[in-house]
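Enquirer: Structure file query_3.txt (compact mmCIF, C-alpha atoms and all ligand atoms) is given on the next line.
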# COMPACT_ATOMS: atom_id res chain seq x y z
CA MET A 1176 -14.68 8.94 10.68
CA SER A 1177 -11.77 9.35 13.01
CA VAL A 1178 -8.37 7.91 13.41
CA ASP A 1179 -7.46 6.09 16.55
CA THR A 1180 -4.39 8.20 17.20
CA PRO A 1181 -2.74 6.77 20.30
CA VAL A 1182 -1.90 3.48 18.64
CA THR A 1183 -2.13 4.49 15.12
CA THR A 1184 -0.85 7.45 13.24
CA PRO A 1185 2.53 6.46 11.90
CA THR A 1186 5.00 8.81 13.52
CA LEU A 1187 8.11 9.93 11.81
CA THR A 1188 11.31 9.49 13.66
CA SER A 1189 13.95 11.63 12.10
CA PRO A 1190 17.29 9.93 11.68
CA SER A 1191 19.91 11.95 13.48
CA THR A 1192 21.75 12.48 10.23
CA SER A 1193 18.83 13.78 8.26
CA THR A 1194 18.15 17.31 7.22
CA SER A 1195 14.56 18.34 7.37
CA ASN A 1196 14.14 19.68 3.90
CA SER A 1197 15.58 19.35 0.48
CA THR A 1198 16.65 22.92 0.14
CA SER A 1199 19.39 22.71 2.69
CA THR A 1200 22.85 21.97 1.44
CA SER A 1201 25.88 20.57 3.14
CA ASN A 1202 28.83 22.68 4.06
CA THR A 1203 30.96 21.03 1.41
CA THR A 1204 32.21 23.38 -1.26
CA PRO A 1205 29.40 23.87 -3.73
CA SER A 1206 30.05 22.51 -7.16
CA THR A 1207 27.99 22.92 -10.27
CA ALA A 1208 26.36 19.94 -11.96
CA PHE A 1209 24.69 20.22 -15.33
CA ASP A 1210 21.36 18.47 -15.59
CA GLU A 1211 21.21 16.88 -19.02
CA PHE A 1212 17.46 16.30 -18.65
CA ASP A 1213 16.21 19.75 -17.87
CA GLY A 1214 19.21 21.80 -18.84
CA ALA A 1215 19.53 23.24 -15.34
CA PHE A 1216 22.69 23.90 -13.36
CA ASN A 1217 22.69 22.58 -9.85
CA PRO A 1218 24.95 24.53 -7.53
CA ALA A 1219 24.72 22.13 -4.58
CA GLU A 1220 25.90 18.69 -3.52
CA PRO A 1221 23.77 16.36 -1.37
CA GLY A 1222 24.27 16.82 2.36
CA ASP A 1223 23.76 14.42 5.28
CA GLY A 1224 20.66 12.25 4.85
CA GLN A 1225 20.56 13.13 1.17
CA ARG A 1226 21.64 11.50 -2.08
CA TRP A 1227 21.29 12.42 -5.70
CA SER A 1228 17.95 11.30 -7.05
CA THR A 1229 18.38 7.69 -8.14
CA TRP A 1230 15.87 8.19 -10.98
CA PRO A 1231 18.39 9.00 -13.76
CA SER A 1232 20.48 5.87 -13.06
CA ILE A 1233 17.53 3.46 -13.04
CA THR A 1234 17.04 1.44 -16.22
CA PRO A 1235 13.67 2.18 -17.84
CA SER A 1236 12.37 -1.34 -17.12
CA GLU A 1237 12.82 -0.67 -13.42
CA ARG A 1238 10.79 2.52 -13.57
CA GLY A 1239 7.04 2.72 -13.17
CA PRO A 1240 4.53 2.66 -15.99
CA GLN A 1241 4.25 5.55 -18.41
CA PRO A 1242 2.93 8.12 -18.65
CA TYR A 1243 4.80 9.18 -15.54
CA PRO A 1244 2.47 11.11 -13.23
CA SER A 1245 2.85 14.87 -13.45
CA TRP A 1246 3.72 15.17 -9.74
CA LEU A 1247 6.74 12.86 -10.10
CA VAL A 1248 10.08 14.70 -10.07
CA THR A 1249 12.31 13.22 -12.79
CA SER A 1250 14.96 15.93 -12.88
CA ALA A 1251 18.56 14.70 -12.60
CA ALA A 1252 19.22 17.82 -10.49
CA ALA A 1253 16.96 16.48 -7.73
CA PHE A 1254 18.09 15.21 -4.34
CA ASP A 1255 16.43 12.47 -2.34
CA THR A 1256 16.17 13.55 1.30
CA GLU A 1257 15.32 11.00 3.95
CA LEU A 1258 12.78 12.62 6.27
CA GLY A 1259 12.27 9.71 8.65
CA ILE A 1260 10.93 6.22 9.20
CA VAL A 1261 7.22 5.71 8.53
CA LYS A 1262 7.16 2.18 9.89
CA THR A 1263 9.55 -0.62 10.71
CA GLY A 1264 8.32 -4.02 9.69
CA LYS A 1265 9.18 -7.71 9.64
CA GLU A 1266 10.68 -7.76 6.20
CA GLY A 1267 11.86 -4.22 5.85
CA ASP A 1268 11.32 -0.62 6.81
CA VAL A 1269 9.35 2.11 5.11
CA PHE A 1270 10.97 5.56 4.94
CA LEU A 1271 9.57 8.91 3.90
CA ILE A 1272 11.65 10.47 1.16
CA GLU A 1273 11.38 13.89 -0.39
CA ARG A 1274 12.63 14.02 -3.97
CA GLY A 1275 13.12 17.62 -4.96
CA VAL A 1276 15.21 20.06 -6.91
CA PRO A 1277 17.02 22.27 -4.42
CA ASP A 1278 17.26 26.02 -4.57
CA ASP A 1279 19.57 26.87 -7.44
CA GLY A 1280 20.46 30.17 -5.87
CA SER A 1281 17.36 31.92 -7.13
CA GLY A 1282 15.83 31.90 -3.66
CA SER A 1283 13.10 29.32 -4.30
CA PRO A 1284 13.42 25.55 -4.43
CA GLY A 1285 12.30 23.63 -7.51
CA PRO A 1286 9.54 21.02 -7.69
CA SER A 1287 9.43 18.24 -5.12
CA CYS A 1288 7.36 15.20 -4.27
CA LEU A 1289 7.05 12.81 -1.34
CA LEU A 1290 7.81 9.12 -1.83
CA ALA A 1291 7.64 6.04 0.35
CA ALA A 1292 10.79 3.92 0.19
CA LYS A 1293 10.29 0.31 1.23
CA ARG A 1294 13.68 -1.22 1.95
CA TYR A 1295 13.89 -4.96 2.31
CA ARG A 1296 16.22 -6.53 4.80
CA GLY A 1297 18.16 -9.75 4.50
CA LEU A 1298 16.85 -13.25 4.91
CA GLU A 1299 17.64 -13.78 8.58
CA THR A 1300 15.34 -11.06 9.88
CA SER A 1301 12.47 -11.73 7.61
CA ASP A 1302 9.55 -14.09 7.68
CA PHE A 1303 10.90 -16.42 5.06
CA HIS A 1304 9.17 -19.53 6.38
CA ARG A 1305 6.12 -18.35 4.57
CA SER A 1306 7.99 -17.55 1.40
CA ALA A 1307 8.21 -21.15 0.16
CA GLN A 1308 4.41 -21.41 0.07
CA TYR A 1309 4.08 -18.20 -1.86
CA GLN A 1310 6.81 -19.08 -4.31
CA GLU A 1311 5.17 -22.31 -5.44
CA GLY A 1312 4.20 -22.03 -9.04
CA ARG A 1313 6.74 -19.27 -9.65
CA ARG A 1314 9.72 -20.23 -11.72
CA MET A 1315 13.15 -19.69 -10.26
CA ARG A 1316 15.43 -19.25 -13.22
CA ASN A 1317 18.85 -18.55 -11.85
CA THR A 1318 19.86 -21.70 -10.00
CA ARG A 1319 23.09 -20.20 -8.65
CA ASP A 1320 20.99 -17.53 -6.94
CA THR A 1321 18.47 -20.13 -5.78
CA ARG A 1322 21.23 -22.21 -4.17
CA ALA A 1323 22.72 -19.10 -2.54
CA ILE A 1324 19.32 -18.23 -1.04
CA ALA A 1325 18.92 -21.80 0.24
CA ARG A 1326 22.38 -21.66 1.85
CA GLY A 1327 21.52 -18.35 3.49
CA SER A 1328 24.88 -16.83 2.48
CA SER A 1329 25.14 -13.05 2.60
CA TYR A 1330 25.02 -13.03 -1.19
CA GLY A 1331 21.91 -15.21 -0.95
CA ARG A 1332 20.35 -12.81 1.53
CA SER A 1333 20.84 -9.84 -0.73
CA VAL A 1334 19.48 -11.78 -3.70
CA ALA A 1335 16.44 -12.75 -1.63
CA SER A 1336 15.68 -9.22 -0.44
CA GLY A 1337 16.22 -7.94 -3.97
CA ARG A 1338 13.76 -10.55 -5.21
CA TRP A 1339 11.15 -9.40 -2.72
CA ALA A 1340 11.69 -5.79 -3.73
CA PHE A 1341 11.40 -6.70 -7.39
CA ALA A 1342 8.37 -8.90 -6.73
CA GLU A 1343 6.67 -6.03 -4.91
CA PHE A 1344 7.48 -3.59 -7.69
CA GLU A 1345 6.17 -5.96 -10.37
CA ALA A 1346 3.03 -6.62 -8.33
CA LEU A 1347 2.42 -2.88 -7.91
CA CYS A 1348 2.82 -2.38 -11.68
CA ARG A 1349 0.47 -5.27 -12.39
CA ALA A 1350 -2.13 -3.98 -9.95
CA HIS A 1351 -1.80 -0.44 -11.30
CA ALA A 1352 -2.38 -1.74 -14.85
CA ALA A 1353 -5.44 -3.65 -13.64
CA GLY A 1354 -6.88 -0.43 -12.23
CA VAL A 1355 -6.42 -1.45 -8.59
CA PRO A 1356 -5.85 1.57 -6.31
CA VAL A 1357 -2.22 1.12 -5.24
CA PRO A 1358 0.51 3.69 -4.62
CA TYR A 1359 2.03 4.57 -8.01
CA PRO A 1360 5.17 2.40 -8.36
CA VAL A 1361 8.01 4.84 -9.05
CA GLN A 1362 11.06 2.57 -9.35
CA VAL A 1363 12.91 -0.42 -7.94
CA ASN A 1364 16.59 -0.29 -7.17
CA SER A 1365 18.18 -3.39 -5.69
CA THR A 1366 16.43 -3.91 -2.33
CA GLU A 1367 14.48 -0.62 -2.36
CA VAL A 1368 11.06 0.03 -3.87
CA LEU A 1369 10.06 3.67 -4.25
CA MET A 1370 6.37 4.44 -4.54
CA GLU A 1371 3.89 7.24 -4.15
CA PHE A 1372 3.52 8.32 -0.53
CA ILE A 1373 -0.12 8.09 0.53
CA GLY A 1374 -0.84 10.70 3.17
CA ASP A 1375 -1.56 14.28 4.05
CA GLY A 1376 1.59 16.31 3.94
CA ARG A 1377 4.17 14.25 5.76
CA THR A 1378 1.62 12.26 7.77
CA ALA A 1379 0.99 8.79 6.37
CA ALA A 1380 -2.62 7.78 5.75
CA PRO A 1381 -3.96 5.55 8.52
CA ARG A 1382 -4.38 1.83 8.02
CA LEU A 1383 -7.99 0.64 7.96
CA ALA A 1384 -7.26 -1.09 11.27
CA GLN A 1385 -6.74 2.34 12.85
CA VAL A 1386 -9.85 3.98 11.49
CA ARG A 1387 -12.86 4.35 13.77
CA ALA A 1388 -15.81 4.61 11.40
CA ARG A 1389 -19.56 4.54 11.94
CA ARG A 1390 -21.54 1.80 10.28
CA ASP A 1391 -22.64 4.08 7.42
CA GLU A 1392 -19.01 5.04 6.86
CA LEU A 1393 -17.89 1.41 6.91
CA GLU A 1394 -20.09 0.40 4.01
CA PRO A 1395 -18.25 2.38 1.30
CA LEU A 1396 -14.94 1.23 2.77
CA PHE A 1397 -16.03 -2.40 2.48
CA ASP A 1398 -17.37 -1.86 -1.05
CA GLN A 1399 -14.06 -0.37 -2.16
CA THR A 1400 -12.13 -3.20 -0.52
CA PHE A 1401 -14.30 -5.76 -2.26
CA GLU A 1402 -13.77 -4.00 -5.61
CA ILE A 1403 -10.03 -4.28 -4.98
CA MET A 1404 -10.41 -8.03 -4.40
CA ARG A 1405 -12.62 -8.34 -7.48
CA SER A 1406 -10.06 -6.56 -9.68
CA PHE A 1407 -7.33 -8.84 -8.37
CA ALA A 1408 -9.52 -11.91 -9.04
CA ARG A 1409 -10.23 -10.74 -12.59
CA ALA A 1410 -6.49 -10.54 -13.12
CA GLY A 1411 -6.21 -14.13 -11.79
CA VAL A 1412 -4.40 -13.14 -8.60
CA ALA A 1413 -5.01 -12.79 -4.89
CA HIS A 1414 -3.24 -10.29 -2.64
CA GLY A 1415 -2.10 -13.10 -0.36
CA ASP A 1416 -1.75 -11.02 2.82
CA LEU A 1417 -4.83 -8.85 2.78
CA SER A 1418 -6.00 -7.45 6.08
CA ALA A 1419 -7.00 -4.16 7.70
CA TYR A 1420 -3.24 -3.53 8.13
CA ASN A 1421 -2.52 -3.52 4.42
CA LEU A 1422 -5.33 -1.17 3.43
CA LEU A 1423 -4.78 2.57 3.79
CA VAL A 1424 -7.67 5.02 4.01
CA HIS A 1425 -6.97 8.38 2.45
CA ASP A 1426 -9.72 10.97 2.00
CA GLY A 1427 -12.32 8.19 2.18
CA ARG A 1428 -10.51 6.24 -0.54
CA VAL A 1429 -9.08 2.78 0.10
CA VAL A 1430 -5.57 2.08 -1.21
CA VAL A 1431 -4.03 -1.39 -0.99
CA ILE A 1432 -0.34 -1.87 -0.13
CA ASP A 1433 2.18 -4.59 0.74
CA LEU A 1434 1.97 -6.74 -2.37
CA PRO A 1435 5.24 -8.68 -2.69
CA GLN A 1436 3.54 -12.02 -2.14
CA LEU A 1437 0.82 -11.49 -4.78
CA VAL A 1438 -0.39 -15.00 -5.55
CA ASP A 1439 -1.20 -16.37 -8.97
CA VAL A 1440 -4.34 -18.27 -8.02
CA ALA A 1441 -4.23 -20.82 -10.86
CA ALA A 1442 -0.48 -21.55 -10.77
CA ASN A 1443 -0.12 -21.74 -7.00
CA PRO A 1444 -1.48 -25.01 -5.54
CA GLY A 1445 -2.61 -23.08 -2.46
CA GLY A 1446 -4.01 -20.20 -4.53
CA LEU A 1447 -7.63 -20.64 -3.53
CA ASP A 1448 -6.67 -20.94 0.13
CA PHE A 1449 -4.88 -17.59 -0.04
CA LEU A 1450 -7.91 -16.04 -1.71
CA HIS A 1451 -10.19 -17.53 0.93
CA ARG A 1452 -7.99 -16.24 3.73
CA ASP A 1453 -7.95 -12.73 2.24
CA VAL A 1454 -11.75 -12.58 2.01
CA THR A 1455 -12.16 -14.06 5.48
CA ASN A 1456 -9.75 -11.54 7.03
CA VAL A 1457 -11.58 -8.64 5.43
CA CYS A 1458 -15.12 -9.86 6.17
CA THR A 1459 -14.23 -10.75 9.75
CA TRP A 1460 -12.78 -7.30 10.36
CA PHE A 1461 -15.84 -5.50 8.99
CA SER A 1462 -18.24 -7.83 10.82
CA ARG A 1463 -16.41 -7.25 14.08
CA HIS A 1464 -16.79 -3.51 13.54
CA GLY A 1465 -20.54 -3.70 13.01
CA LEU A 1466 -20.94 -4.35 9.28
CA ASP A 1467 -21.94 -7.98 8.83
CA ARG A 1468 -20.36 -9.48 5.77
CA ASP A 1469 -20.46 -13.21 5.03
CA ALA A 1470 -17.05 -14.37 3.84
CA GLU A 1471 -18.31 -17.50 2.09
CA SER A 1472 -20.69 -15.73 -0.25
CA PHE A 1473 -18.10 -13.09 -1.15
CA PHE A 1474 -15.54 -15.86 -1.69
CA ALA A 1475 -17.91 -17.58 -4.11
CA GLU A 1476 -18.37 -14.30 -5.97
CA LEU A 1477 -14.61 -13.89 -6.33
CA VAL A 1478 -14.08 -17.48 -7.48
CA ALA A 1479 -16.62 -16.82 -10.24
CA GLU A 1480 -14.47 -13.88 -11.38
CA LEU A 1481 -11.36 -16.02 -11.65
CA TRP A 1482 -12.16 -18.20 -14.61
N1 LIG A 1501 3.00 4.12 -0.02
C1 LIG A 1501 2.81 4.32 1.27
N2 LIG A 1501 2.32 5.51 1.73
C2 LIG A 1501 2.13 5.72 3.05
N3 LIG A 1501 2.41 4.81 4.01
C3 LIG A 1501 2.90 3.61 3.62
C4 LIG A 1501 3.12 3.31 2.25
N4 LIG A 1501 3.61 2.05 2.16
C5 LIG A 1501 3.69 1.60 3.42
N5 LIG A 1501 3.26 2.52 4.31
C6 LIG A 1501 3.22 2.40 5.78
O1 LIG A 1501 4.22 1.46 6.17
C7 LIG A 1501 3.62 0.33 6.79
C8 LIG A 1501 4.36 -0.93 6.40
O2 LIG A 1501 4.29 -1.11 4.99
P1 LIG A 1501 3.94 -2.53 4.38
O3 LIG A 1501 4.11 -2.42 2.90
O4 LIG A 1501 2.62 -3.00 4.87
O5 LIG A 1501 5.13 -3.43 4.92
P2 LIG A 1501 5.20 -4.62 6.00
O6 LIG A 1501 3.81 -4.87 6.56
O7 LIG A 1501 5.71 -5.78 5.21
O8 LIG A 1501 6.15 -4.12 7.01
C9 LIG A 1501 2.17 0.36 6.35
O9 LIG A 1501 1.31 -0.24 7.28
C10 LIG A 1501 1.88 1.85 6.24
O10 LIG A 1501 1.59 2.40 7.50
MG MG A 1502 1.97 -4.70 5.80
Let's see the structure in the file written out as structure tokens.
Ligand SMILES: Nc1ncnc2c1ncn2[C@@H]1O[C@H](COP(=O)(O)OP(=O)(O)O)[C@@H](O)[C@H]1O
Ligand SMILES: [Mg+2]
Expert:
Amino acid sequence: MSVDTPVTTPTLTSPSTSTSNSTSTSNTTPSTAFDEFDGAFNPAEPGDGQRWSTWPSITPSERGPQPYPSWLVTSAAAFDTELGIVKTGKEGDVFLIERGVPDDGSGSPGPSCLLAAKRYRGLETSDFHRSAQYQEGRRMRNTRDTRAIARGSSYGRSVASGRWAFAEFEALCRAHAAGVPVPYPVQVNSTEVLMEFIGDGRTAAPRLAQVRARRDELEPLFDQTFEIMRSFARAGVAHGDLSAYNLLVHDGRVVVIDLPQLVDVAANPGGLDFLHRDVTNVCTWFSRHGLDRDAESFFAELVAELW
């Protein structure tokens, strides 16, 4: 299996303000912060391209499911360092973040982990024509917010992007609970979703669309993708935007991403159409790459899982 590099491997563009690792500190006068969680003193302040880890200020309901994975840094002494953009997209951009405890003067930095931060933009730059279809069957409780979104006011835009971020976070949690391979959802904070970074070191895993695989390598990739669809169907949902662009391949393992539009198949009047489109996209892609898969029979199999 190889990756089609010229078009594919997401490249990191470092923002001019960023520092390249979490151990560097700014030239502001060091102060000492006491970490109530791990009892550590932190001698540094965040520098350019850094912030304090947002983890301690996030309410527990906006954190990922417990138990928290052992690799996740939860120390209040940690900094978030923006390492670059993984990908700019229609609705938002994905950044690579390192969350780590900087060197406390002992000469070695503390634990760190890499996270993907998906930041949603406002209404005007995003593909919100499609949102009405997806929202059918979902209840909109706060009518003041709903009216603000409809008016397209700046308040409405921030509510809308926050809703997408929250919807994606909830969908990731739901998928995670259903055993679907998704990046672990770390937290949601306003318009930003933080999740596990899928990749090798700082290089993001390729999308399925970028992978050049032989026929015998395609088969397990299809089987895993179908298992993902089956798990969604058993939970009564469809991804809603499934394609070779929203499936990452990491060490031969398929991980599904980009879930904000997760569709409740029974509640959404177009639910079955979304499911059908997901299966068709996937089967067409595999068939075009030499592994014939008949969308209609797989669709029937998924419908049988729904009810
Ligand atoms: N958790 C992640 N780990 C690694 N790369 C990611 C992750 N999430 C997103 N990406 C990269 O960012 C791209 C855009 O993310 P995605 O969620 O599909 O947003 P959109 O398609 O709406 O812009 C993906 O195709 C993938 O290359
Ligand atoms: Mg996508």
Enquirer: A:Leu1450, A:Leu1383, A:Asn1456, A:Tyr1359: which is nearest A:Asn1421, counting all atoms listed in the file?
Expert: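 Under the stated criterion, the closest residue is A:Leu1383.
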Enquirer: Could you tell me, counting all atoms listed in the file, which protein and nucleic acid residues lie no more than 9 Å from ligand LIG 1501 (chain A), written as a PyMOL selection string?
Expert: chain A and resi 1183-1185+1260-1271+1290-1293+1295+1343+1357-1360+1369-1374+1378-1382+1420-1423+1430-1435
Enquirer: Between A:Leu1247, A:Ala1342, A:Val1178, A:Val1440, which residue has the minimum interatomic distance to A:Cys1288, considering all atoms listed in the file?
Expert: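 So, comparing all the options, the nearest one is A:Leu1247.
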Enquirer: Could you check which of A:Phe1401, A:Trp1246, A:Phe1407, A:Trp1230 is closest to A:Val1457, using only C-alpha atoms?
Expert: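 The shortest atom-to-atom distance to A:Val1457 comes from A:Phe1401.
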Enquirer: Ranking A:Asp1416, A:Glu1480, A:Asp1439, A:Glu1402 by minimum distance to ligand MG 1502 (chain A) and counting only C-alpha atoms and all ligand atoms, which one comes first?
Expert: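 Answer, going by the shortest atom-to-atom distance: A:Asp1416.
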Enquirer: Which of these, A:Ile1272, A:Glu1394, A:Arg1387, A:His1414, has the shortest distance to ligand MG 1502 (chain A) once you count all atoms listed in the file?
Expert: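 Using all atoms listed in the file, ligand MG 1502 (chain A) sits closest to A:His1414.
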Enquirer: Please determine, counting only C-alpha atoms and all ligand atoms, which residue among A:Leu1417, A:Asp1469, A:Phe1474, A:His1425 has the shortest atom-to-atom distance to ligand MG 1502 (chain A).
Expert: A:Leu1417
Enquirer: List the spatial neighbours of A:Ala1323 as a list in words - criterion: any atom at most 12 Å away, all atoms listed in the file, same-chain residues fewer than 3 positions off excluded.
Expert: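 The contact residues come out as Leu1298, Asn1317, Thr1318, Arg1319, Asp1320, Arg1326, Gly1327, Ser1328, Ser1329, Tyr1330, Gly1331, Arg1332, Ser1333, Val1334 and Ala1335 of chain A.
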Enquirer: Determine, counting all atoms listed in the file, which protein, DNA and RNA residues have an atom within 8 Å of an atom of stretch 1231-1238 of chain A; residues of the same chain fewer than 3 positions away are not included. Present the result as a list in words.
Expert: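 Here the answer would be Ser1228, Thr1249, Ser1250, Ala1251, Pro1360, Val1361, Gln1362, Val1363 and Asn1364 of chain A.
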Enquirer: Store the residues of this selection in a file with C-alpha atoms, as a CSV table (one decimal), in the frame of the given file.
Expert:
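So the final result, stored in part04.csv, reads:
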chain,number,residue,atom,x,y,z
A,1228,SER,CA,18.0,11.3,-7.0
A,1249,THR,CA,12.3,13.2,-12.8
A,1250,SER,CA,15.0,15.9,-12.9
A,1251,ALA,CA,18.6,14.7,-12.6
A,1360,PRO,CA,5.2,2.4,-8.4
A,1361,VAL,CA,8.0,4.8,-9.0
A,1362,GLN,CA,11.1,2.6,-9.4
A,1363,VAL,CA,12.9,-0.4,-7.9
A,1364,ASN,CA,16.6,-0.3,-7.2
Enquirer: Just the number, please: distance in Å from atom CA of A:Leu1347 to atom CA of A:Ser1245, one decimal.
Expert: 18.6 Å
Enquirer: If I take atom CA of A:Pro1284 and atom CA of A:Pro1240, how far is one from the other in Å, to one decimal?
Expert: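 Interatomic distance here is 27.1 Å.
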Enquirer: In Å, rounded to a single decimal, give me how far atom CA of A:Glu1367 is from atom CA of A:Phe1344.
Expert: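 Answer for the atom CA of A:Phe1344 to atom CA of A:Glu1367 separation: 9.3 Å.
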Enquirer: Report as a VMD selection string all protein, DNA and RNA residues lying within 9 Å of A:Ser1177, evaluated on only C-alpha atoms, omitting residues in the same chain fewer than 4 positions from it.
Expert: chain A and resid 1385 to 1388
Enquirer: To test the calculation: enclose all listed atoms of stretch 1235-1250 of chain A in a box whose edges run along x, y and z, add 8 Å on each side, then state centre and edge lengths in Å to one decimal, as JSON.
Expert:
{"center_x": 8.7, "center_y": 7.3, "center_z": -14.2, "size_x": 28.5, "size_y": 33.3, "size_z": 24.9}
Enquirer: Can stretch 1356-1368 of chain A be brought up to N, CA and C atoms and written out as a PDB file, in the coordinates of the input?
Expert:
ATOM      1  N   PRO A1356      -6.467   0.410  -6.963  1.00  0.00           N
ATOM      2  CA  PRO A1356      -5.850   1.570  -6.310  1.00  0.00           C
ATOM      3  C   PRO A1356      -4.664   1.168  -5.435  1.00  0.00           C
ATOM      4  N   VAL A1357      -3.473   1.377  -5.976  1.00  0.00           N
ATOM      5  CA  VAL A1357      -2.220   1.120  -5.240  1.00  0.00           C
ATOM      6  C   VAL A1357      -1.388   2.399  -5.325  1.00  0.00           C
ATOM      7  N   PRO A1358      -0.396   2.552  -4.452  1.00  0.00           N
ATOM      8  CA  PRO A1358       0.510   3.690  -4.620  1.00  0.00           C
ATOM      9  C   PRO A1358       1.197   3.554  -5.986  1.00  0.00           C
ATOM     10  N   TYR A1359       1.358   4.659  -6.702  1.00  0.00           N
ATOM     11  CA  TYR A1359       2.030   4.570  -8.010  1.00  0.00           C
ATOM     12  C   TYR A1359       3.455   4.042  -7.798  1.00  0.00           C
ATOM     13  N   PRO A1360       3.817   2.946  -8.519  1.00  0.00           N
ATOM     14  CA  PRO A1360       5.170   2.400  -8.360  1.00  0.00           C
ATOM     15  C   PRO A1360       6.186   3.249  -9.130  1.00  0.00           C
ATOM     16  N   VAL A1361       7.080   3.903  -8.419  1.00  0.00           N
ATOM     17  CA  VAL A1361       8.010   4.840  -9.050  1.00  0.00           C
ATOM     18  C   VAL A1361       9.214   4.113  -9.657  1.00  0.00           C
ATOM     19  N   GLN A1362       9.856   3.264  -8.856  1.00  0.00           N
ATOM     20  CA  GLN A1362      11.060   2.570  -9.350  1.00  0.00           C
ATOM     21  C   GLN A1362      11.472   1.494  -8.348  1.00  0.00           C
ATOM     22  N   VAL A1363      12.293   0.560  -8.840  1.00  0.00           N
ATOM     23  CA  VAL A1363      12.910  -0.420  -7.940  1.00  0.00           C
ATOM     24  C   VAL A1363      14.400  -0.360  -8.178  1.00  0.00           C
ATOM     25  N   ASN A1364      15.143  -0.403  -7.079  1.00  0.00           N
ATOM     26  CA  ASN A1364      16.590  -0.290  -7.170  1.00  0.00           C
ATOM     27  C   ASN A1364      17.174  -1.233  -6.132  1.00  0.00           C
ATOM     28  N   SER A1365      17.624  -2.392  -6.595  1.00  0.00           N
ATOM     29  CA  SER A1365      18.180  -3.390  -5.690  1.00  0.00           C
ATOM     30  C   SER A1365      17.131  -3.778  -4.631  1.00  0.00           C
ATOM     31  N   THR A1366      17.362  -3.466  -3.366  1.00  0.00           N
ATOM     32  CA  THR A1366      16.430  -3.910  -2.330  1.00  0.00           C
ATOM     33  C   THR A1366      15.415  -2.817  -1.940  1.00  0.00           C
ATOM     34  N   GLU A1367      15.368  -1.738  -2.707  1.00  0.00           N
ATOM     35  CA  GLU A1367      14.480  -0.620  -2.360  1.00  0.00           C
ATOM     36  C   GLU A1367      13.406  -0.392  -3.424  1.00  0.00           C
ATOM     37  N   VAL A1368      12.160  -0.345  -2.973  1.00  0.00           N
ATOM     38  CA  VAL A1368      11.060   0.030  -3.870  1.00  0.00           C
ATOM     39  C   VAL A1368      10.640   1.449  -3.500  1.00  0.00           C
TER      40      VAL A1368
END
